[in-house]
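Heads up: the structure comes next, in structure tokens.
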Amino acid sequence: MAISFEHVTYTYQAGTPLAQTAVQDVSFTVPDHGYLAIIGHTGSGKSTLIQQINALFKPTSGEIHVDDFTVTPTTTNTDLKPLRQHVGMVFQFPESQLFEETVRKDIAFGPQNFGMSEDDANALADEMLTRVGLDKSYAERSPFELSGGQMRRVAIAGVLAMQPQVLVLDEPTAGLDPQGRQAMMQLFERLHREQGLTIVLVTHQMEDVAEYAEQVAVMRDGKLVKFGQPQDVFADPQWLRENQLDVPRAAQFAQELGKRGVQWNKLPLTADQLADQLVARWPGEGADHV
């Protein structure tokens, strides 16, 4: 397994009158090279949950296993440096964390901080630039002269330069236009598929969940209320509405067609799945028949 939560609870200011439990008795497993999406309305505990994967927050009770690493309430900070290199965290608006005078220096900062030589770190920075879809000519530019989307790619390159095996993404496409969002999600999918990274994605974009995730965890009031494949999680629109969650647009359209008598082999979640079923049902006519 890549990631396993075993009865994990996290309480802010535990043991004080201000104690507040943000995550309560959560258990789930993500396989090696898996792709998990975590969804839930604001305040459901998603961000607190993922920040325990690299022990930014250590559980108040329970255990977390990330490959060969184990985090418990008694894990000491001296044991965490290898884990934090193993797990890369991309927070909302990661470009706000850029600070060096050149793109290359910014990307190389993390590896050098972990003991890599300057020459090796610079070479790795150039490689990571290419990996996130930017030409090496960007290396000597100031990151603050770039567009917002380019700055975000530089910030992600800095995370990838640590060569993590697990990539945790907290609303990574927030603030991007639809084209930029699609390009960013395709980047993560490529890293997952070609580099074998385990991906944990927190998002409010149900289309991205349907398109890319292999597993979905639904959080509500700090509890894990549903866990399964996207097809299972999105199968009950009424339950989703009760939990303040949307259905992917393709599924919404398919459900409307269902009210008109169209029967589906299984509910299509993406535009491609919808089109494939329509074409299979009415070859040569497709959706025009409806």
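Letters for chains follow the order of the structure tokens (A, B, ...), residue numbers begin at 1 for each chain, and ligand numbers begin at 1 in the order shown.
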
_Applying 7 Å and only C-alpha atoms, which residues near Ala213 (chain A) remain after dropping the ones on its own chain fewer than 5 positions away? List them as a VMD selection string._
chain A and resid 35 to 37

For the selection you just gave me, I'd like the residues written to a file as a PDB file, in the first residue's frame, keeping N, CA and C atoms.
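Output (selection20.pdb):
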ATOM      1  N   TYR A  35      -4.666   6.977  -7.266  1.00  0.00           N
ATOM      2  CA  TYR A  35      -5.090   8.363  -7.493  1.00  0.00           C
ATOM      3  C   TYR A  35      -6.379   8.555  -6.696  1.00  0.00           C
ATOM      4  N   LEU A  36      -6.262   9.247  -5.554  1.00  0.00           N
ATOM      5  CA  LEU A  36      -7.394   9.477  -4.667  1.00  0.00           C
ATOM      6  C   LEU A  36      -7.845  10.922  -4.739  1.00  0.00           C
ATOM      7  N   ALA A  37      -9.142  11.148  -4.900  1.00  0.00           N
ATOM      8  CA  ALA A  37      -9.725  12.490  -4.773  1.00  0.00           C
ATOM      9  C   ALA A  37     -10.472  12.562  -3.451  1.00  0.00           C
TER      10      ALA A  37
END

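Using only C-alpha atoms, the contacts of Pro172 (chain A) at a cut-off of 7 Å, with sequence neighbours closer than 2 positions omitted, comprise Val90, Phe91, Gln92, Leu169, Asp170 and Ala174 of chain A.
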
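If only C-alpha atoms are the atoms counted, then among A:Thr60, A:Ile107, A:Ile39, A:Thr21 the closest residue to Asp120 (chain A) is A:Ile107.
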
_To test your reading of the structure, identify every residue in region 32-208 of chain A that backbone DSSP assigns to alpha helix (DSSP H), and report it as a VMD selection string._
chain A and resid 46 to 50 81 to 86 103 to 113 118 to 131 148 to 160 178 to 195 206 to 208

*Contacts of region 231-244 of chain A at 10 Å (only C-alpha atoms; same-chain gap of 3+ positions) as a VMD selection string*: chain A and resid 40 to 42 206 210 214 to 220 225 to 228 247 to 248 251 to 252 255 266 to 269

_Distance query Thr72 (chain A) at most 12 Å, only C-alpha atoms, self and fewer than 4 positions along chain excluded, as a list in words_ = Phe5, Glu6, His7, Val8, Thr9, Tyr10, Gln52, Ile53, Asn54, Ala55, Phe57, Lys58, Pro59, Thr60, Ser61, Gly62, Glu63, Ile64, His65, Val66, Thr76, Asn77, Asp79 and Leu80 of chain A

*asked:* If DSSP is run on the backbone, what residues of region 87-246 of chain A are strand (DSSP E or B)? A reply as a ChimeraX atom specification would be ideal.
replied: /A:87-90,166-170,198-202,215-220,223-228

_Give me the residues near Met162 (chain A) as a list of chain:residue names, where near means some atom within 9 Å (using only C-alpha atoms) and where sequence neighbours in that chain fewer than 6 positions away do not count._
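Near neighbours after the sequence-gap exclusion: A:Gln85, A:His86, A:Val87, A:Gly88, A:Ala108, A:Gly110, A:Pro111, A:Phe114.
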
Written selection (N, CA and C atoms) as a PDB file, in the first residue's frame:
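Output file part-v7.pdb follows:
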ATOM      1  N   GLN A  85      10.355  14.619   2.396  1.00  0.00           N
ATOM      2  CA  GLN A  85      10.940  14.559   1.060  1.00  0.00           C
ATOM      3  C   GLN A  85      10.165  13.559   0.202  1.00  0.00           C
ATOM      4  N   HIS A  86       9.635  12.534   0.832  1.00  0.00           N
ATOM      5  CA  HIS A  86       8.893  11.477   0.142  1.00  0.00           C
ATOM      6  C   HIS A  86       7.514  11.953  -0.308  1.00  0.00           C
ATOM      7  N   VAL A  87       6.927  12.877   0.450  1.00  0.00           N
ATOM      8  CA  VAL A  87       5.579  13.382   0.165  1.00  0.00           C
ATOM      9  C   VAL A  87       5.672  14.846  -0.245  1.00  0.00           C
ATOM     10  N   GLY A  88       5.344  15.143  -1.482  1.00  0.00           N
ATOM     11  CA  GLY A  88       5.334  16.521  -1.963  1.00  0.00           C
ATOM     12  C   GLY A  88       3.972  17.143  -1.764  1.00  0.00           C
ATOM     13  N   ALA A 108      15.712  24.924  -7.289  1.00  0.00           N
ATOM     14  CA  ALA A 108      16.857  24.205  -6.719  1.00  0.00           C
ATOM     15  C   ALA A 108      16.961  24.356  -5.209  1.00  0.00           C
ATOM     16  N   GLY A 110      15.010  23.625  -2.590  1.00  0.00           N
ATOM     17  CA  GLY A 110      14.666  22.469  -1.767  1.00  0.00           C
ATOM     18  C   GLY A 110      15.724  21.378  -1.808  1.00  0.00           C
ATOM     19  N   PRO A 111      16.129  20.911  -3.004  1.00  0.00           N
ATOM     20  CA  PRO A 111      17.174  19.881  -3.057  1.00  0.00           C
ATOM     21  C   PRO A 111      18.469  20.296  -2.369  1.00  0.00           C
ATOM     22  N   PHE A 114      18.281  19.923   1.258  1.00  0.00           N
ATOM     23  CA  PHE A 114      18.380  18.530   1.688  1.00  0.00           C
ATOM     24  C   PHE A 114      19.748  17.924   1.380  1.00  0.00           C
TER      25      PHE A 114
END

Using only C-alpha atoms, what does the table of region 43-108 of chain A residues within 8 Å of region 148-158 of chain A look like, with each row giving the shortest atom pair and its distance in Å to one decimal, sorted by chain and ascending number, as a tab-separated table?
residue	atom	partner	partner_atom	distance
A:Val90	CA	A:Ile156	CA	6.8
A:Phe93	CA	A:Arg152	CA	7.2
A:Pro94	CA	A:Ala155	CA	5.8
A:Glu95	CA	A:Arg152	CA	4.8
A:Gln97	CA	A:Ala155	CA	7.4
A:Leu98	CA	A:Ala155	CA	6.6
A:Val103	CA	A:Val154	CA	6.9
A:Asp106	CA	A:Gly158	CA	6.8
A:Ile107	CA	A:Gly158	CA	4.1
A:Ala108	CA	A:Gly158	CA	6.9

Could you dump the residues just selected with N, CA and C atoms as a PDB file, in the first residue's frame?
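Result file follows (part_35.pdb):
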ATOM      1  N   VAL A  90       1.459  20.352  -2.571  1.00  0.00           N
ATOM      2  CA  VAL A  90       1.148  21.522  -3.392  1.00  0.00           C
ATOM      3  C   VAL A  90      -0.123  22.144  -2.818  1.00  0.00           C
ATOM      4  N   PHE A  93      -2.706  28.095  -4.459  1.00  0.00           N
ATOM      5  CA  PHE A  93      -1.892  29.231  -4.879  1.00  0.00           C
ATOM      6  C   PHE A  93      -0.425  29.036  -4.481  1.00  0.00           C
ATOM      7  N   PRO A  94       0.202  27.936  -4.927  1.00  0.00           N
ATOM      8  CA  PRO A  94       1.592  27.667  -4.536  1.00  0.00           C
ATOM      9  C   PRO A  94       2.565  28.725  -5.031  1.00  0.00           C
ATOM     10  N   GLU A  95       2.155  29.489  -6.050  1.00  0.00           N
ATOM     11  CA  GLU A  95       3.045  30.542  -6.566  1.00  0.00           C
ATOM     12  C   GLU A  95       3.325  31.612  -5.517  1.00  0.00           C
ATOM     13  N   GLN A  97       4.439  31.131  -2.747  1.00  0.00           N
ATOM     14  CA  GLN A  97       5.600  30.696  -1.972  1.00  0.00           C
ATOM     15  C   GLN A  97       6.913  30.909  -2.724  1.00  0.00           C
ATOM     16  N   LEU A  98       6.863  31.413  -3.939  1.00  0.00           N
ATOM     17  CA  LEU A  98       8.093  31.707  -4.682  1.00  0.00           C
ATOM     18  C   LEU A  98       8.816  32.882  -4.034  1.00  0.00           C
ATOM     19  N   VAL A 103      14.129  31.655 -11.495  1.00  0.00           N
ATOM     20  CA  VAL A 103      13.353  30.419 -11.495  1.00  0.00           C
ATOM     21  C   VAL A 103      14.220  29.233 -11.100  1.00  0.00           C
ATOM     22  N   ASP A 106      14.937  29.110  -7.405  1.00  0.00           N
ATOM     23  CA  ASP A 106      13.762  28.761  -6.617  1.00  0.00           C
ATOM     24  C   ASP A 106      13.510  27.257  -6.632  1.00  0.00           C
ATOM     25  N   ILE A 107      13.616  26.648  -7.813  1.00  0.00           N
ATOM     26  CA  ILE A 107      13.375  25.210  -7.924  1.00  0.00           C
ATOM     27  C   ILE A 107      14.477  24.423  -7.218  1.00  0.00           C
ATOM     28  N   ALA A 108      15.712  24.924  -7.289  1.00  0.00           N
ATOM     29  CA  ALA A 108      16.857  24.205  -6.719  1.00  0.00           C
ATOM     30  C   ALA A 108      16.961  24.356  -5.209  1.00  0.00           C
TER      31      ALA A 108
END

*Residue contacts of Met128 (chain A) (7 Å, only C-alpha atoms) excluding same-chain residues fewer than 4 positions away, as a ChimeraX atom specification*: /A:124,132,157,160-161

*Name the residues in contact with region 187-193 of chain A at a cut-off of 8 Å, using only C-alpha atoms, excluding same-chain residues fewer than 4 positions from it; report them as a PyMOL selection string.*
chain A and resi 33+35+132+183+197-199+212

C-alpha atoms of the current selection, written as a compact mmCIF listing (two decimals), in the first residue's frame:
# COMPACT_ATOMS: atom_id res chain seq x y z
CA HIS A 33 0.54 4.48 -7.58
CA TYR A 35 -5.09 8.36 -7.49
CA VAL A 132 6.11 20.85 -16.01
CA ALA A 183 -3.58 21.90 -18.59
CA LEU A 197 3.41 9.03 -8.51
CA THR A 198 0.65 8.35 -6.01
CA ILE A 199 -1.73 11.33 -6.22
CA TYR A 212 -8.94 11.35 -13.23

*Between A:Arg131, A:Arg249, A:Lys81, A:Arg260, which is the closest to Asp272 (chain A) once you count only C-alpha atoms?*
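The answer is A:Arg249, which sits nearest to Asp272 (chain A).
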
*Which is closer to Gly43 (chain A) than all the others in A:Ser147, A:Gln163, A:Val23, A:Phe99, using only C-alpha atoms?*
A:Val23

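Computed from the coordinates, the CA of Pro82 (chain A) to CA of Ala2 (chain A) distance equals 15.2 Å.
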
_Atomic separation - CA of Gln165 (chain A) relative to CA of Glu194 (chain A), Å_ = 12.3 Å

*For Gly45 (chain A), which residue among A:Asp221, A:Gln13, A:Thr173, A:Val71 is the nearest when counting only C-alpha atoms?*
A:Asp221

*Which of these, A:Lys46, A:Lys259, A:Arg84, A:Arg141, has the shortest distance to Lys105 (chain A) once you count only C-alpha atoms?*
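Among the listed residues, the smallest separation from Lys105 (chain A) belongs to A:Arg141.
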